[in-house]
Each structure stands twice: as structure tokens, then as C-alpha cells.
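File shown: coords.cif. Contents: mmCIF, C-alpha atoms (C1' of nucleotides).
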data_work
loop_
_atom_site.label_atom_id
_atom_site.label_comp_id
_atom_site.auth_asym_id
_atom_site.auth_seq_id
_atom_site.Cartn_x
_atom_site.Cartn_y
_atom_site.Cartn_z
CA MET A 331 -6.50 7.43 -28.72
CA GLN A 332 -9.42 9.87 -28.56
CA ASP A 333 -9.24 9.80 -24.78
CA ALA A 334 -5.51 10.39 -24.78
CA ILE A 335 -5.59 13.36 -27.09
CA GLU A 336 -8.49 14.94 -25.25
CA ALA A 337 -6.60 14.45 -22.02
CA ILE A 338 -3.50 16.27 -23.22
CA ALA A 339 -5.51 19.04 -24.83
CA ASP A 340 -5.88 20.59 -21.38
CA PRO A 341 -2.90 22.70 -20.26
CA ARG A 342 -3.15 21.69 -16.62
CA ARG A 343 -3.18 18.04 -17.52
CA ARG A 344 -0.15 18.50 -19.73
CA ARG A 345 1.62 20.16 -16.83
CA ILE A 346 0.69 17.28 -14.54
CA LEU A 347 2.12 14.81 -17.04
CA GLU A 348 5.35 16.77 -17.20
CA LEU A 349 5.57 16.80 -13.42
CA VAL A 350 5.40 13.01 -13.22
CA ARG A 351 7.31 12.37 -16.42
CA ALA A 352 10.61 11.55 -14.74
CA GLU A 353 9.59 10.94 -11.15
CA GLU A 354 6.74 9.42 -9.22
CA LEU A 355 4.78 11.97 -7.20
CA PRO A 356 1.91 11.76 -4.67
CA ALA A 357 -1.37 13.47 -5.55
CA GLY A 358 -0.85 16.12 -2.89
CA ALA A 359 2.55 17.16 -4.19
CA ILE A 360 1.07 17.50 -7.65
CA ALA A 361 -1.86 19.59 -6.44
CA ALA A 362 0.56 21.81 -4.50
CA GLN A 363 2.06 22.96 -7.81
CA PHE A 364 -1.19 24.61 -8.81
CA GLY A 365 -1.92 27.76 -6.91
CA ASP A 366 -4.95 28.75 -8.92
CA VAL A 367 -7.01 25.62 -8.53
CA THR A 368 -8.28 23.46 -5.67
CA ARG A 369 -7.11 19.97 -4.82
CA PRO A 370 -10.32 18.24 -5.91
CA ALA A 371 -9.95 19.78 -9.34
CA ILE A 372 -6.51 18.20 -9.66
CA SER A 373 -7.91 14.93 -8.39
CA GLN A 374 -10.41 15.01 -11.23
CA HIS A 375 -7.67 15.74 -13.76
CA LEU A 376 -5.71 12.82 -12.41
CA ARG A 377 -8.70 10.62 -13.02
CA VAL A 378 -9.06 11.79 -16.60
CA LEU A 379 -5.39 11.11 -17.24
CA ARG A 380 -5.51 7.70 -15.60
CA GLU A 381 -8.61 6.63 -17.52
CA ALA A 382 -6.93 7.73 -20.73
CA GLY A 383 -4.06 5.40 -19.91
CA LEU A 384 -1.57 8.21 -19.47
CA LEU A 385 -0.96 7.73 -15.77
CA ALA A 386 0.09 4.79 -13.63
CA GLU A 387 -1.17 4.79 -10.06
CA ARG A 388 0.52 3.02 -7.17
CA ARG A 389 -0.69 3.09 -3.59
CA ASP A 390 1.67 3.48 -0.69
CA GLY A 391 -0.26 3.51 2.59
CA VAL A 392 -2.52 6.48 2.52
CA ARG A 393 -0.78 8.07 -0.45
CA ARG A 394 -1.22 7.52 -4.15
CA LEU A 395 1.81 7.85 -6.32
CA TYR A 396 1.47 8.79 -9.96
CA ARG A 397 3.80 8.37 -12.89
CA ALA A 398 3.40 9.17 -16.59
CA ARG A 399 2.86 6.26 -18.99
CA ALA A 400 4.45 7.15 -22.32
CA GLU A 401 2.81 4.15 -23.98
CA GLY A 402 -0.53 5.86 -23.57
CA LEU A 403 0.63 8.50 -26.02
CA GLU A 404 1.55 6.09 -28.77
CA GLY A 405 -1.66 6.57 -30.72
CA VAL A 406 -1.22 10.31 -30.81
CA ARG A 407 2.33 9.90 -31.91
CA GLU A 408 1.34 7.66 -34.78
CA PHE A 409 -1.17 10.23 -35.92
CA LEU A 410 1.53 12.88 -35.98
CA ASP A 411 4.05 10.65 -37.72
CA GLN A 412 1.82 10.38 -40.79
CA PHE A 413 2.35 14.05 -41.42
CA TRP A 414 6.07 13.94 -40.97
CA ASP A 415 6.40 11.09 -43.38
CA GLU A 416 4.43 13.12 -45.87
CA ARG A 417 6.62 16.15 -45.33
CA LEU A 418 9.69 14.06 -46.06
CA ALA A 419 8.07 12.82 -49.26
CA ASP A 420 7.39 16.45 -50.21
CA LEU A 421 10.99 17.43 -49.66
CA ARG A 422 12.14 14.50 -51.72
CA ARG A 423 9.82 15.44 -54.58
CA GLU A 424 11.01 19.02 -54.40
CA ALA A 425 14.67 18.00 -54.43
CA GLU A 426 14.09 15.90 -57.52
CA ARG A 427 12.33 18.73 -59.24
CA GLU A 428 15.27 21.01 -58.51
CA GLU A 429 17.73 18.37 -59.67
CA ARG A 430 15.98 18.15 -63.02
CA SER A 431 15.97 21.93 -63.34
CA LYS A 432 19.73 22.10 -62.65
CA ARG A 433 20.39 19.48 -65.26
CA ARG A 434 18.41 21.56 -67.74
CA ASP A 435 20.55 24.62 -66.87
CA ARG A 436 23.76 22.73 -67.47
CA GLY A 437 22.44 21.55 -70.81
CA ARG A 438 21.71 25.14 -71.81
CA ASP A 439 25.22 26.35 -70.83
CA ASN A 440 27.03 23.72 -72.83
CA MET B 1066 0.75 25.02 -29.47
CA GLN B 1067 -2.41 25.18 -27.39
CA ASP B 1068 -4.37 26.02 -30.53
CA ALA B 1069 -2.82 23.15 -32.45
CA ILE B 1070 -3.52 20.51 -29.85
CA GLU B 1071 -7.07 21.70 -29.31
CA ALA B 1072 -7.57 21.60 -33.05
CA ILE B 1073 -6.50 17.98 -33.40
CA ALA B 1074 -8.42 16.91 -30.29
CA ASP B 1075 -11.55 16.89 -32.44
CA PRO B 1076 -12.07 13.70 -34.48
CA ARG B 1077 -13.59 15.50 -37.45
CA ARG B 1078 -10.72 17.92 -37.63
CA ARG B 1079 -8.24 15.06 -37.51
CA ARG B 1080 -10.08 13.43 -40.38
CA ILE B 1081 -9.96 16.68 -42.35
CA LEU B 1082 -6.21 16.89 -41.81
CA GLU B 1083 -5.78 13.35 -43.03
CA LEU B 1084 -7.84 14.10 -46.12
CA VAL B 1085 -5.56 16.98 -47.11
CA ARG B 1086 -2.36 15.41 -45.84
CA ALA B 1087 -1.13 14.26 -49.23
CA GLU B 1088 -3.29 16.22 -51.64
CA GLU B 1089 -4.82 19.64 -51.92
CA LEU B 1090 -8.64 19.60 -51.76
CA PRO B 1091 -11.39 22.23 -52.17
CA ALA B 1092 -13.66 22.91 -49.20
CA GLY B 1093 -16.64 21.32 -50.91
CA ALA B 1094 -14.85 18.05 -51.55
CA ILE B 1095 -13.84 17.94 -47.91
CA ALA B 1096 -17.36 18.65 -46.68
CA ALA B 1097 -18.70 15.95 -49.01
CA GLN B 1098 -16.81 13.33 -46.97
CA PHE B 1099 -18.95 14.05 -43.93
CA GLY B 1100 -22.48 12.78 -44.22
CA ASP B 1101 -23.46 13.49 -40.66
CA VAL B 1102 -22.68 17.19 -40.55
CA THR B 1103 -23.56 20.26 -42.59
CA ARG B 1104 -21.19 22.22 -44.79
CA PRO B 1105 -21.06 25.28 -42.52
CA ALA B 1106 -19.86 23.07 -39.70
CA ILE B 1107 -16.94 21.93 -41.85
CA SER B 1108 -16.25 25.50 -42.83
CA GLN B 1109 -15.93 26.33 -39.16
CA HIS B 1110 -13.59 23.42 -38.60
CA LEU B 1111 -11.48 24.59 -41.51
CA ARG B 1112 -11.21 27.97 -39.87
CA VAL B 1113 -10.11 26.48 -36.56
CA LEU B 1114 -7.46 24.42 -38.34
CA ARG B 1115 -6.24 27.35 -40.40
CA GLU B 1116 -5.99 29.65 -37.39
CA ALA B 1117 -4.07 26.98 -35.54
CA GLY B 1118 -1.56 26.97 -38.38
CA LEU B 1119 -2.39 23.44 -39.45
CA LEU B 1120 -3.87 24.30 -42.82
CA ALA B 1121 -2.67 26.25 -45.83
CA GLU B 1122 -5.34 27.92 -47.95
CA ARG B 1123 -4.97 28.80 -51.62
CA ARG B 1124 -7.67 30.40 -53.75
CA ASP B 1125 -8.41 29.30 -57.26
CA GLY B 1126 -11.25 31.29 -58.73
CA VAL B 1127 -14.29 30.67 -56.63
CA ARG B 1128 -12.75 27.69 -54.89
CA ARG B 1129 -10.49 27.47 -51.87
CA LEU B 1130 -7.95 24.70 -51.81
CA TYR B 1131 -6.66 23.36 -48.54
CA ARG B 1132 -3.54 21.42 -47.64
CA ALA B 1133 -2.16 20.24 -44.29
CA ARG B 1134 0.80 22.10 -42.81
CA ALA B 1135 2.91 19.61 -40.85
CA GLU B 1136 4.98 22.41 -39.35
CA GLY B 1137 1.96 23.47 -37.34
CA LEU B 1138 2.20 20.22 -35.42
CA GLU B 1139 5.80 20.69 -34.36
CA GLY B 1140 4.94 21.97 -30.89
CA VAL B 1141 2.77 18.97 -30.15
CA ARG B 1142 5.46 16.68 -31.38
CA GLU B 1143 8.03 18.25 -29.10
CA PHE B 1144 5.72 17.75 -26.16
CA LEU B 1145 5.39 14.07 -26.98
CA ASP B 1146 9.10 13.61 -27.58
CA GLN B 1147 9.86 14.51 -23.99
CA PHE B 1148 8.12 11.37 -22.88
CA TRP B 1149 9.82 9.16 -25.39
CA ASP B 1150 13.20 10.42 -24.37
CA GLU B 1151 12.27 9.62 -20.80
CA ARG B 1152 11.12 6.15 -21.74
CA LEU B 1153 14.46 5.50 -23.41
CA ALA B 1154 16.24 6.65 -20.29
CA ASP B 1155 14.10 4.25 -18.26
CA LEU B 1156 14.97 1.34 -20.51
CA ARG B 1157 18.64 2.23 -20.25
CA ARG B 1158 18.47 2.34 -16.46
CA GLU B 1159 16.69 -0.99 -16.40
CA ALA B 1160 19.22 -2.59 -18.72
CA GLU B 1161 22.04 -1.45 -16.48
CA ARG B 1162 20.31 -2.81 -13.43
CA GLU B 1163 19.91 -6.16 -15.13
CA GLU B 1164 23.52 -6.10 -16.30
CA ARG B 1165 24.71 -5.60 -12.73
CA SER B 1166 22.47 -8.42 -11.54
CA LYS B 1167 23.86 -10.78 -14.19
CA ARG B 1168 27.39 -9.92 -13.16
CA ARG B 1169 26.46 -10.74 -9.58
CA ASP B 1170 25.11 -14.13 -10.72
CA ARG B 1171 28.30 -14.93 -12.56
CA GLY B 1172 30.29 -13.99 -9.48
CA ARG B 1173 28.20 -16.34 -7.38
CA ASP B 1174 28.74 -19.23 -9.82
CA ASN B 1175 32.52 -18.83 -9.90
"C1'" DA C 1154 -27.47 42.50 -65.52
"C1'" DG C 1155 -29.27 38.32 -63.37
"C1'" DA C 1156 -28.56 33.54 -62.09
"C1'" DT C 1157 -25.47 30.04 -60.38
"C1'" DT C 1158 -21.80 28.11 -57.84
"C1'" DA C 1159 -18.50 27.72 -53.96
"C1'" DG C 1160 -17.90 28.80 -49.59
"C1'" DG C 1161 -17.67 31.83 -45.46
"C1'" DT C 1162 -20.29 34.30 -41.39
"C1'" DT C 1163 -23.84 35.07 -37.66
"C1'" DA C 1164 -27.12 34.04 -34.01
"C1'" DG C 1165 -28.85 31.01 -31.06
"C1'" DT C 1166 -29.20 26.38 -28.85
"C1'" DT C 1167 -27.47 22.44 -26.62
"C1'" DG C 1168 -24.37 19.49 -24.43
"C1'" DA C 1169 -20.04 18.68 -22.39
"C1'" DC C 1170 -16.14 20.39 -19.35
"C1'" DT C 1171 -14.11 22.34 -15.38
"C1'" DC C 1172 -14.39 24.35 -11.26
"C1'" DT C 1173 -15.87 24.82 -6.18
"C1'" DT C 1174 -18.04 23.37 -1.92
"C1'" DA C 1175 -19.33 19.74 0.85
"C1'" DC C 1176 -18.95 15.09 2.01
"C1'" DG C 1177 -17.10 10.20 2.14
"C1'" DT C 1178 -13.29 6.81 3.02
"C1'" DA C 1179 -9.23 4.34 4.26
"C1'" DA C 1180 -4.69 4.15 6.62
"C1'" DG C 1181 -1.83 5.52 10.35
"C1'" DA C 1182 -0.93 8.10 14.76
"C1'" DC C 1183 -2.13 8.74 19.65
"C1'" DG D 292 -11.46 4.00 19.54
"C1'" DT D 293 -11.15 8.75 17.70
"C1'" DC D 294 -8.20 12.16 15.40
"C1'" DT D 295 -5.69 13.33 11.51
"C1'" DT D 296 -3.91 12.92 6.99
"C1'" DA D 297 -4.28 12.11 2.12
"C1'" DC D 298 -7.33 11.54 -1.36
"C1'" DG D 299 -11.42 10.58 -4.00
"C1'" DT D 300 -16.47 11.50 -5.20
"C1'" DA D 301 -20.97 14.09 -5.89
"C1'" DA D 302 -23.82 17.92 -6.91
"C1'" DG D 303 -24.46 22.22 -8.81
"C1'" DA D 304 -22.92 26.53 -11.40
"C1'" DG D 305 -20.68 28.81 -15.06
"C1'" DT D 306 -18.28 28.61 -19.40
"C1'" DC D 307 -17.26 27.19 -23.89
"C1'" DA D 308 -17.24 24.61 -28.16
"C1'" DA D 309 -19.90 22.53 -32.05
"C1'" DC D 310 -23.94 22.28 -34.54
"C1'" DT D 311 -27.95 24.08 -37.57
"C1'" DA D 312 -30.61 27.47 -40.10
"C1'" DA D 313 -30.50 31.59 -42.35
"C1'" DC D 314 -27.88 34.92 -44.60
"C1'" DC D 315 -23.92 37.20 -47.07
"C1'" DT D 316 -20.06 37.54 -50.65
"C1'" DA D 317 -17.33 36.93 -54.64
"C1'" DA D 318 -16.39 34.74 -59.03
"C1'" DT D 319 -18.26 32.88 -63.25
"C1'" DC D 320 -21.63 31.96 -66.83
"C1'" DT D 321 -25.51 33.24 -70.00
#

Would you mind writing the structure in this file as C-alpha cells?
Amino acid sequence: MQDAIEAIADPRRRRILELVRAEELPAGAIAAQFGDVTRPAISQHLRVLREAGLLAERRDGVRRLYRARAEGLEGVREFLDQFWDERLADLRREAEREERSKRRDRGRDN
Amino acid sequence: MQDAIEAIADPRRRRILELVRAEELPAGAIAAQFGDVTRPAISQHLRVLREAGLLAERRDGVRRLYRARAEGLEGVREFLDQFWDERLADLRREAEREERSKRRDRGRDN
DNA sequence: AGATTAGGTTAGTTGACTCTTACGTAAGAC
DNA sequence: GTCTTACGTAAGAGTCAACTAACCTAATCT
């Protein structure tokens, strides 16, 4: 998972992933989306993403078609989920606390 | 979100977040968990996390208590969710394709 | 007031990334 | 076969992030 999270920490690599999220695209078409950087730079980013398991590569003649691999992000997702579970637990605890306080109020009124 | 994802790209910072995920902890107690790095280094990590919105800081006398802020991770989560939505769509498309193929088989049998 | 405790800040070094330029390679096209 | 197209790889330069050592600050205790 370290590789995956490092890979998506770079904005250009995130953009690449989004480009090939729903459709397969050749390396050249991907590079063409980046006006501020050369093609070799994108090629290197593609390598990082592929080695992190975030990209599937398929060859078609002279072209190489890339597609995002969501499974590669599973580790990152699990890391995040921990915190959401905890937040739910917090909300639950808070709700209970408030429930008790309401009950106390009712007791005082009656 | 760039700050958040860069923050959690570092293994030590992820460990810090996990330490204060479910309980508030003073800086010293956090630093004590890391044998291979000095206290100032942890202090710097705490700053990065706080500035990325991933950490809440509360002062108690001379101590500073830290706690993870799950909300700070929301942007990252949204980024990931895109890909999971897409994976679901893929599975749906595949299921339909298979359904059609089964129907064809039945037709051939009859 | 002075000493102690908890923790943040600064300066400087080192190593790791990312980029560009130049070059290499494999598949078609002519 | 050689030209072109589509990409990848290598080497070198510049930038940036993380670490340590030394120092600073604020609260508390004696």
C-alpha cells in the first residue's frame, strides 16, 4: 500500500488515473492532456502507477493502452475506513450522552 | 486535499494518525512510540498533520493533546470513491453481458 | 526567582523525486 | 530494407521533504 499511496500523492498521477478511470487510453493520448510537461515525464509517471498496481497495461501493436485498476487502491481505502468507523462510534457515543441528558431534563420537569 | 494526501503518504504520519484515532494523546506519548526518530521530527510531523486538517490540538497546561480529525480525509475518500463507483459499473456491465450470453445459450438449446 | 518539564522552531544536510534532453526499440507503412 | 510512429529508458540538474542538533518558550514546582 505504501507504493499506492505515494503514487496518488502526486497531482499529475491522480489526473492520469482519472483519465483512464472509465476508458482505456494509449500513452500518447494521456501525455497530450498535459501541456506543461514532456511525454517522457508522463511515461515515467505511468511506470510509477503501473508498479504500484494502479494501472493495467495492454499492448496493441505499437501502442500501449492503460486502464485504472481500482483494486490497487484497496489498501488505501482500508486505511481511510478505520477513521470513518471511529467517527461513527463517536457520533453514537455523543447521541447516547445527549439521550441521557434529555432523560435527566424530563425527570426535572416532572 | 493535496495537503491531506501528502500528509498520509508518509508512513510515520499514518502511524501517528492511527495512534490518535480513538484516543487523545499528548505529543510526548506519541513521540515515545517512535524509537528510530527524535522528538523534534515527530513535532514536525504533527505540524504537517495539523496544517493538513487531519489533527485537532487541545492544550492542557504545558501539554498538547492531539486527536485525529476524520473530516480532513474526506477529499481523499471522494477521490477513491470515484474508482469504486466505476468498478461497480464495470461489474454491472459484465453481468449484463453474461446474462445476454446465457439467454443465447438457452435459445440454442430450445 | 530559578529549575524543571513539555514541546515547538531554526538552520543545515542529505537523499529522494521529477523534470528535460538525448537515445534506444519494436511494430507497421512504403 | 529504411522511414516513421509510439513509447520507454538513461543520465544529469534542480527542487523539496525529512532528519538531527541546538535553541527557544511557556507552564509548573520549590

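Neighbouring residues of D:DT311 at 10 Å or closer, counting only C-alpha atoms (C1' of nucleotides) and skipping chain neighbours under 3 positions away, are Val1102, Thr1103, Pro1105 and Ala1106 of chain B; DG1165 and DT1166 of chain C.
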
Applied to the shown file, which residues does the PyMOL selection byres ((chain C) within 12 of (chain B)) return, written as a PDB file with C-alpha atoms (C1' of nucleotides), in the coordinates of the input?
ATOM      1  C1'  DT C1157     -25.470  30.040 -60.380  1.00  0.00           C
ATOM      2  C1'  DT C1158     -21.800  28.110 -57.840  1.00  0.00           C
ATOM      3  C1'  DA C1159     -18.500  27.720 -53.960  1.00  0.00           C
ATOM      4  C1'  DG C1160     -17.900  28.800 -49.590  1.00  0.00           C
ATOM      5  C1'  DG C1161     -17.670  31.830 -45.460  1.00  0.00           C
ATOM      6  C1'  DT C1162     -20.290  34.300 -41.390  1.00  0.00           C
ATOM      7  C1'  DT C1163     -23.840  35.070 -37.660  1.00  0.00           C
TER       8       DT C1163
END

* To do: Tell me which residues the PyMOL selection byres ((chain D) within 12 of (chain A)) grabs here, as a PyMOL selection string.
  => chain D and resi 295-301

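The interface of chain A with chain B at 6 Å, considering all atoms listed in the file, consists of Ile335, Glu336, Ala339, Ala400 and Phe413 of chain A.
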
* Asked: For the atom pair atom CA of B:Gly1118 and atom CA of A:Gly383, what is the interatomic distance in Å to one decimal place?
  ->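 Result for atom CA of B:Gly1118 versus atom CA of A:Gly383: 28.5 Å, one decimal.
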
* Place a sphere of radius 10 Å on (-26.9, 39.5, -66.3) in the file coordinates and name every protein, DNA or RNA residue with an atom inside or on its surface, counting all atoms listed in the file; give the answer as an MDAnalysis selection string. => (chainID C and resid 1154:1156) or (chainID D and resid 320:321)

Would you output that residue set with C-alpha atoms (C1' of nucleotides), as a short mmCIF file (atom, residue, chain, number, x, y, z; two decimals), keeping the file's coordinate frame?
data_model
loop_
_atom_site.label_atom_id
_atom_site.label_comp_id
_atom_site.auth_asym_id
_atom_site.auth_seq_id
_atom_site.Cartn_x
_atom_site.Cartn_y
_atom_site.Cartn_z
"C1'" DA C 1154 -27.47 42.50 -65.52
"C1'" DG C 1155 -29.27 38.32 -63.37
"C1'" DA C 1156 -28.56 33.54 -62.09
"C1'" DC D 320 -21.63 31.96 -66.83
"C1'" DT D 321 -25.51 33.24 -70.00
#

* Mind pulling up the distance from atom CA of A:Ile372 to atom CA of B:Leu1153? ->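 The value is 28.1 Å.
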
Each side padded by 6 Å, which centre and which edge lengths in Å (one decimal) define the axis-aligned box around the listed atoms of stretch 305-314 of chain D? Give them as AutoDock Vina command-line options.
--center_x -23.9 --center_y 28.6 --center_z -29.8 --size_x 25.4 --size_y 24.6 --size_z 41.5

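In this structure, atom C1' of C:DG1168 sits 20.2 Å away from atom CA of A:His375.
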
* To do: Evaluate the PyMOL selection byres ((chain D and resi 307) around 10) here and jot the selected residues down as a list in words.
  =>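 So the PyMOL selection byres ((chain D and resi 307) around 10), applied here, picks out DA1169 and DC1170 of chain C; DG305, DT306, DA308 and DA309 of chain D.
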
Residues within 12 Å of D:DA302, please, as a compact mmCIF listing (two decimals) with C-alpha atoms (C1' of nucleotides), keeping the file's coordinate frame. Count only C-alpha atoms (C1' of nucleotides); anything in the same chain fewer than 5 positions from it doesn't count.
# COMPACT_ATOMS: atom_id res chain seq x y z
C1' DT C 1173 -15.87 24.82 -6.18
C1' DT C 1174 -18.04 23.37 -1.92
C1' DA C 1175 -19.33 19.74 0.85
C1' DC C 1176 -18.95 15.09 2.01
